[in-house]
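Here's final_29.cif, which has mmCIF, C-alpha atoms:
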data_my_file
#
loop_
_atom_site.label_atom_id
_atom_site.label_comp_id
_atom_site.auth_asym_id
_atom_site.auth_seq_id
_atom_site.Cartn_x
_atom_site.Cartn_y
_atom_site.Cartn_z
CA MET Z 1 94.94 3.76 121.61
CA GLY Z 2 95.00 0.04 120.68
CA ARG Z 3 98.07 -0.90 122.67
CA ALA Z 4 97.06 1.27 125.62
CA MET Z 5 93.76 -0.63 125.79
CA PHE Z 6 95.00 -4.19 125.35
CA GLU Z 7 98.51 -4.33 126.79
CA PRO Z 8 97.46 -4.23 130.48
CA VAL Z 9 95.34 -7.34 129.89
CA PHE Z 10 97.66 -9.17 127.49
CA SER Z 11 100.65 -8.66 129.79
CA GLU Z 12 98.75 -10.55 132.51
CA ILE Z 13 97.28 -13.41 130.47
CA PHE Z 14 100.22 -14.08 128.14
CA PRO Z 15 103.37 -15.26 129.97
CA PHE Z 16 105.43 -14.48 126.86
CA TRP Z 17 104.25 -10.88 126.48
CA TRP Z 18 107.29 -9.03 127.82
CA GLU Z 19 109.63 -11.19 125.73
CA LEU Z 20 107.98 -10.20 122.45
CA PRO Z 21 109.65 -7.60 120.21
CA GLU Z 22 107.92 -4.23 120.42
CA GLY Z 23 106.80 -4.53 116.80
CA ASP Z 24 105.01 -7.81 117.51
CA LYS Z 25 103.25 -6.31 120.51
CA ASP Z 26 102.02 -3.43 118.36
CA TYR Z 27 100.99 -5.88 115.64
CA LEU Z 28 98.89 -8.06 117.95
CA CYS Z 29 97.22 -5.07 119.55
CA SER Z 30 96.40 -3.56 116.16
CA PHE Z 31 94.55 -6.78 115.25
CA SER Z 32 92.70 -7.00 118.55
CA ALA Z 33 89.19 -5.83 119.33
CA ALA Z 34 86.84 -5.46 122.28
CA MET Z 35 83.66 -7.32 121.32
CA THR Z 36 80.23 -7.67 122.89
CA TYR Z 37 78.09 -10.69 122.01
CA PRO Z 38 74.38 -10.67 122.95
CA ARG Z 39 72.97 -13.70 124.70
CA GLY Z 40 72.11 -16.42 122.18
CA SER Z 41 74.34 -15.08 119.41
CA THR Z 42 76.85 -17.16 117.46
CA VAL Z 43 80.44 -16.22 118.20
CA HIS Z 44 82.07 -18.85 115.96
CA ASP Z 45 80.14 -20.97 113.47
CA GLY Z 46 82.79 -23.64 113.04
CA ASP Z 47 83.95 -22.34 109.69
CA GLY Z 48 87.39 -20.77 109.26
CA CYS Z 49 89.66 -19.29 111.89
CA SER Z 50 87.88 -16.78 114.11
CA GLY Z 51 90.88 -16.26 116.34
CA VAL Z 52 91.65 -16.17 120.04
CA PHE Z 53 88.94 -15.23 122.54
CA PHE Z 54 89.52 -13.96 126.07
CA VAL Z 55 86.33 -13.68 128.12
CA ARG Z 56 86.12 -10.54 130.24
CA LYS Z 57 82.50 -10.94 131.34
CA GLY Z 58 79.70 -13.42 130.67
CA CYS Z 59 79.81 -16.98 129.38
CA LEU Z 60 80.59 -18.71 126.09
CA ARG Z 61 79.62 -22.30 125.28
CA VAL Z 62 81.95 -24.37 123.10
CA TYR Z 63 80.27 -27.34 121.46
CA MET Z 64 80.25 -29.74 118.53
CA LEU Z 65 77.31 -30.24 116.19
CA SER Z 66 76.55 -33.56 114.49
CA GLU Z 67 75.20 -33.86 110.97
CA GLY Z 68 71.88 -34.78 112.53
CA GLY Z 69 71.82 -31.57 114.55
CA LYS Z 70 72.70 -33.04 117.95
CA GLU Z 71 74.83 -30.78 120.14
CA VAL Z 72 77.57 -31.94 122.50
CA THR Z 73 78.76 -29.26 124.90
CA LEU Z 74 82.53 -29.55 125.34
CA TYR Z 75 82.97 -26.87 127.97
CA ARG Z 76 81.97 -23.36 128.98
CA LEU Z 77 84.18 -20.31 129.24
CA HIS Z 78 83.67 -17.75 131.99
CA ALA Z 79 85.39 -14.50 132.93
CA GLY Z 80 89.17 -14.97 132.77
CA ASP Z 81 89.03 -17.99 130.43
CA MET Z 82 90.55 -18.21 126.96
CA CYS Z 83 89.50 -20.13 123.86
CA MET Z 84 92.05 -21.42 121.35
CA LEU Z 85 89.97 -24.12 119.67
CA ALA Z 86 88.37 -21.55 117.35
CA ALA Z 87 91.85 -20.65 116.08
CA SER Z 88 92.53 -23.61 113.80
CA CYS Z 89 94.94 -21.49 111.75
CA VAL Z 90 97.14 -21.13 114.84
CA ILE Z 91 96.99 -24.80 115.88
CA GLN Z 92 96.81 -26.72 112.63
CA ALA Z 93 96.48 -30.06 114.41
CA ILE Z 94 92.88 -29.05 115.17
CA THR Z 95 91.02 -30.82 112.38
CA PHE Z 96 87.49 -30.77 113.83
CA ASP Z 97 85.02 -27.91 113.87
CA VAL Z 98 83.73 -26.40 117.09
CA MET Z 99 80.91 -23.93 117.52
CA VAL Z 100 80.89 -21.10 120.05
CA ASP Z 101 77.73 -19.38 121.30
CA ALA Z 102 77.17 -16.67 123.89
CA GLU Z 103 75.22 -18.15 126.81
CA GLU Z 104 74.94 -14.71 128.40
CA ASN Z 105 75.62 -11.17 127.26
CA THR Z 106 79.38 -11.55 126.94
CA GLU Z 107 82.31 -9.17 126.60
CA CYS Z 108 85.52 -10.46 125.05
CA TYR Z 109 88.89 -9.36 123.79
CA THR Z 110 89.57 -11.07 120.48
CA ILE Z 111 92.80 -11.41 118.51
CA ASP Z 112 92.62 -12.09 114.78
CA GLY Z 113 93.68 -15.69 114.12
CA ALA Z 114 95.94 -14.92 111.18
CA ALA Z 115 97.72 -12.18 113.13
CA PHE Z 116 98.25 -14.48 116.12
CA GLN Z 117 99.58 -17.16 113.78
CA THR Z 118 102.04 -14.73 112.20
CA VAL Z 119 103.47 -13.82 115.60
CA SER Z 120 103.51 -17.44 116.79
CA GLU Z 121 105.55 -18.54 113.75
CA LYS Z 122 108.27 -16.05 114.69
CA ASN Z 123 108.13 -16.64 118.45
CA PRO Z 124 108.21 -20.29 119.62
CA LYS Z 125 107.02 -19.35 123.12
CA VAL Z 126 103.78 -18.02 121.63
CA LYS Z 127 103.16 -21.29 119.78
CA ILE Z 128 103.98 -23.33 122.88
CA PHE Z 129 101.51 -21.26 124.90
CA ALA Z 130 98.80 -21.82 122.26
CA LEU Z 131 99.41 -25.57 122.28
CA GLU Z 132 99.45 -25.81 126.07
CA THR Z 133 96.20 -23.83 126.29
CA ALA Z 134 94.51 -26.10 123.73
CA VAL Z 135 95.81 -29.27 125.40
CA SER Z 136 94.48 -28.16 128.79
CA ARG Z 137 91.03 -27.92 127.21
CA PHE Z 138 91.30 -31.37 125.65
CA SER Z 139 91.24 -32.84 129.14
CA ASP Z 140 87.81 -31.20 129.57
CA VAL Z 141 86.72 -32.63 126.22
CA MET Z 142 87.86 -36.14 127.16
CA TRP Z 143 86.02 -35.89 130.49
CA VAL Z 144 82.82 -35.06 128.59
CA MET Z 145 83.36 -38.01 126.24
CA GLN Z 146 84.01 -40.33 129.19
CA GLN Z 147 80.74 -39.29 130.83
CA ILE Z 148 78.72 -39.75 127.64
CA LEU Z 149 80.23 -43.12 126.80
CA PHE Z 150 80.57 -44.78 130.18
CA MET Z 151 78.27 -43.14 132.75
CA GLY Z 152 74.54 -43.35 133.39
CA VAL Z 153 72.34 -40.27 133.21
CA ASP Z 154 71.89 -40.23 137.00
CA THR Z 155 75.66 -40.09 137.55
CA ARG Z 156 76.18 -37.45 134.87
CA LEU Z 157 73.37 -35.28 136.24
CA ALA Z 158 74.69 -35.54 139.79
CA ILE Z 159 78.19 -34.56 138.63
CA PHE Z 160 76.79 -31.62 136.68
CA LEU Z 161 74.75 -30.29 139.60
CA LEU Z 162 77.68 -30.59 142.01
CA ASP Z 163 80.07 -28.91 139.56
CA GLU Z 164 77.62 -26.08 138.91
CA ALA Z 165 77.05 -25.53 142.64
CA SER Z 166 80.81 -25.44 143.20
CA ARG Z 167 81.35 -23.01 140.32
CA THR Z 168 78.62 -20.56 141.39
CA GLY Z 169 79.02 -20.99 145.14
CA SER Z 170 75.30 -21.62 145.47
CA ASP Z 171 73.20 -24.74 146.11
CA THR Z 172 70.52 -23.34 143.80
CA ILE Z 173 71.12 -24.05 140.11
CA LEU Z 174 69.46 -21.31 138.05
CA LEU Z 175 69.15 -23.31 134.85
CA THR Z 176 66.18 -24.77 133.00
CA HIS Z 177 65.84 -28.49 132.30
CA GLU Z 178 66.48 -27.74 128.63
CA GLN Z 179 69.72 -25.88 129.39
CA ILE Z 180 70.97 -28.70 131.61
CA ALA Z 181 70.14 -31.23 128.90
CA LYS Z 182 72.09 -29.17 126.37
CA TYR Z 183 75.14 -29.05 128.64
CA MET Z 184 74.91 -32.81 129.25
CA ALA Z 185 74.28 -33.74 125.59
CA SER Z 186 71.05 -35.41 126.63
CA ALA Z 187 67.34 -34.97 125.95
CA ARG Z 188 65.24 -32.60 128.04
CA GLU Z 189 62.73 -35.36 128.75
CA VAL Z 190 65.47 -37.62 130.13
CA VAL Z 191 66.85 -34.87 132.38
CA SER Z 192 63.35 -33.95 133.61
CA ARG Z 193 62.61 -37.60 134.41
CA MET Z 194 65.86 -37.98 136.36
CA LEU Z 195 65.29 -34.72 138.25
CA LYS Z 196 61.82 -35.97 139.17
CA TYR Z 197 63.49 -39.06 140.64
CA PHE Z 198 65.98 -36.89 142.57
CA VAL Z 199 63.06 -34.85 143.94
CA ALA Z 200 61.23 -38.01 145.03
CA GLU Z 201 64.38 -39.17 146.83
CA GLY Z 202 64.71 -35.83 148.65
CA ILE Z 203 68.02 -35.06 146.97
CA VAL Z 204 66.90 -31.86 145.25
CA GLU Z 205 63.97 -29.50 145.12
CA SER Z 206 62.75 -28.24 141.74
CA SER Z 207 60.75 -25.09 141.08
CA ARG Z 208 60.45 -22.27 138.59
CA LYS Z 209 63.27 -20.53 140.44
CA GLY Z 210 65.66 -23.39 139.68
CA ILE Z 211 66.94 -26.58 141.25
CA ARG Z 212 68.02 -26.48 144.90
CA ILE Z 213 70.31 -29.18 146.26
CA LEU Z 214 68.93 -30.52 149.54
CA ASP Z 215 71.22 -33.49 150.23
CA LYS Z 216 74.77 -33.10 148.92
CA THR Z 217 75.92 -36.30 150.58
CA ARG Z 218 73.38 -38.37 148.63
CA LEU Z 219 74.18 -36.45 145.45
CA ARG Z 220 77.89 -37.21 145.86
CA GLU Z 221 77.05 -40.89 146.30
CA VAL Z 222 75.14 -40.85 143.01
CA ALA Z 223 78.00 -38.97 141.33
CA ARG Z 224 80.41 -41.71 142.37
CA GLY Z 225 78.21 -44.21 140.55
#

Any chance you could put this one into structure tokens?
Amino acid sequence: MGRAMFEPVFSEIFPFWWELPEGDKDYLCSFSAAMTYPRGSTVHDGDGCSGVFFVRKGCLRVYMLSEGGKEVTLYRLHAGDMCMLAASCVIQAITFDVMVDAEENTECYTIDGAAFQTVSEKNPKVKIFALETAVSRFSDVMWVMQQILFMGVDTRLAIFLLDEASRTGSDTILLTHEQIAKYMASAREVVSRMLKYFVAEGIVESSRKGIRILDKTRLREVARG
């Protein structure tokens, strides 16, 4: 039952799958599970090695939490994305804690971290894949750090709105000011003030239904700083 459920997916997302010994395939599948996380629930609390997550449906938010309680969103994972940063036992160079929450009702396939590590120690291609997956996410992390350290709020907000419109294929952003602030590692009041400025400039329209982009050309100019 386990292998019949997971192998069709694993054979597509893992380039090394068909090179694994049959016993290792069975082993990984036996330590895999189909999980559902309700919106707002904690998927990984930063402690220990939760394992590898593959998002089938929904959205996970990966973030860091300061001692003072400030959150910095590193990136979001949507259908088809994979998270390795919660598997510190697999990639021991990861020495910082990340948190993972469900932004929507989310369905995932998960692989136990210790089981994945066991297979990766015997199969170099598995370890290489894990490292490459983690490294690809570090570019997202560095982009976030660059925005926080070197860009103004207007530029960061413009970039966020354009990225969100591109991702969803809609010029209407169905997020609250508080959600946007959380994604940008800013304060809700700051985001609301900047959106009010964008509205006054005719760049966006804000309502209870969300934020609608009216002038993408102007927004791109702001995004370029």

- Query: Which residues come within 12 Å of Arg3 (chain Z), counting all atoms listed in the file, excluding same-chain residues fewer than 6 positions away, as a PyMOL selection string?
  - Reply: chain Z and resi 9-11+22-33

- Item | Near-region 203-209 of chain Z list (12 Å; all atoms listed in the file; drop same-chain fewer than 2 positions) as a PyMOL selection string | chain Z and resi 154+157-158+161-162+171-177+192-201+211-222

List every residue of region 127-222 of chain Z that has an atom at most 9 Å from any atom of region 71-85 of chain Z, giving for each one its closest atom pair and the distance in Å to one decimal, counting only C-alpha atoms, sorted by chain and then by ascending residue number, as a Markdown table.
| residue | atom | partner | partner_atom | distance |
| --- | --- | --- | --- | --- |
| Z:Ala130 | CA | Z:Met84 | CA | 6.8 |
| Z:Leu131 | CA | Z:Met84 | CA | 8.5 |
| Z:Thr133 | CA | Z:Met84 | CA | 6.9 |
| Z:Ala134 | CA | Z:Met84 | CA | 5.8 |
| Z:Arg137 | CA | Z:Tyr75 | CA | 8.2 |
| Z:Phe138 | CA | Z:Leu74 | CA | 9.0 |
| Z:Asp140 | CA | Z:Tyr75 | CA | 6.7 |
| Z:Val141 | CA | Z:Leu74 | CA | 5.3 |
| Z:Met142 | CA | Z:Leu74 | CA | 8.7 |
| Z:Trp143 | CA | Z:Leu74 | CA | 8.9 |
| Z:Val144 | CA | Z:Leu74 | CA | 6.4 |
| Z:Met145 | CA | Z:Leu74 | CA | 8.5 |
| Z:Lys182 | CA | Z:Thr73 | CA | 6.8 |
| Z:Tyr183 | CA | Z:Thr73 | CA | 5.2 |
| Z:Met184 | CA | Z:Thr73 | CA | 6.8 |
| Z:Ala185 | CA | Z:Val72 | CA | 4.9 |
| Z:Ser186 | CA | Z:Val72 | CA | 8.5 |

- Item | Top pick for closest residue to Pro15 (chain Z), considering Z:Asp163, Z:Phe150, Z:Ser66, Z:Val126 and counting all atoms listed in the file | Z:Val126

Closest-contact table, region 74-156 of chain Z side, partner region 42-46 of chain Z, 8 Å, counting all atoms listed in the file, as JSON lines:
{"residue": "Z:Ala86", "atom": "CA", "partner": "Z:His44", "partner_atom": "CA", "distance": 7.0}
{"residue": "Z:Asp97", "atom": "CA", "partner": "Z:Gly46", "partner_atom": "CA", "distance": 4.9}
{"residue": "Z:Val98", "atom": "CA", "partner": "Z:Gly46", "partner_atom": "CA", "distance": 5.0}
{"residue": "Z:Met99", "atom": "CA", "partner": "Z:Gly46", "partner_atom": "CA", "distance": 4.9}
{"residue": "Z:Val100", "atom": "CA", "partner": "Z:His44", "partner_atom": "CA", "distance": 4.8}
{"residue": "Z:Asp101", "atom": "CA", "partner": "Z:Thr42", "partner_atom": "CA", "distance": 4.5}
{"residue": "Z:Ala102", "atom": "CA", "partner": "Z:Thr42", "partner_atom": "CA", "distance": 6.5}

- Task: Check the smallest atom-to-atom distance from each of Z:Leu20, Z:Cys108, Z:Ile180, Z:Ala114 to Lys57 (chain Z) using all atoms listed in the file, then report the winner.
- Result: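 Closest candidate: Z:Cys108.
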
Around region 34-39 of chain Z, fit a box with edges along x, y and z, padding it by 6 Å on each side, then list its centre and edge lengths in Å to one decimal as JSON.
{"center_x": 79.9, "center_y": -9.6, "center_z": 123.0, "size_x": 25.9, "size_y": 20.2, "size_z": 15.4}

- Message: Calculated over all atoms listed in the file, which of the candidates Z:Gly225, Z:Ile111, Z:Ala4, Z:Gly58 has the smallest distance to Gln147 (chain Z)?
- Response: Z:Gly225

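Picture a line from CA of Phe129 (chain Z) to CA of Cys49 (chain Z); it runs 17.7 Å.
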
- Message: One number please: CA of Ser136 (chain Z) to CA of Cys59 (chain Z), in Å, one decimal.
- Response: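 Computing the Euclidean distance for CA of Ser136 (chain Z) and CA of Cys59 (chain Z) yields 18.5 Å.
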
- Note on the structure: From CA of Val55 (chain Z) to CA of Pro38 (chain Z) the spacing works out at 13.4 Å

- Query: Which one is closest to Glu132 (chain Z): Z:Ile148, Z:Glu189, Z:Met64, Z:Phe14? Count only C-alpha atoms.
  - Reply: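 Closest to Glu132 (chain Z) of all the choices is Z:Phe14.
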
- Task: Considering all atoms listed in the file, state which residue in the set Z:Glu103, Z:Pro124, Z:Asp112, Z:Met35 is at the smallest distance from Leu60 (chain Z).
- Result: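 Closest candidate: Z:Glu103.
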
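Comparing the minimum interatomic distances between Gly2 (chain Z) and each of Z:Gln117, Z:Ala34, Z:Gly68, Z:Ser50, counting all atoms listed in the file, we find that Z:Ala34 sits nearest.
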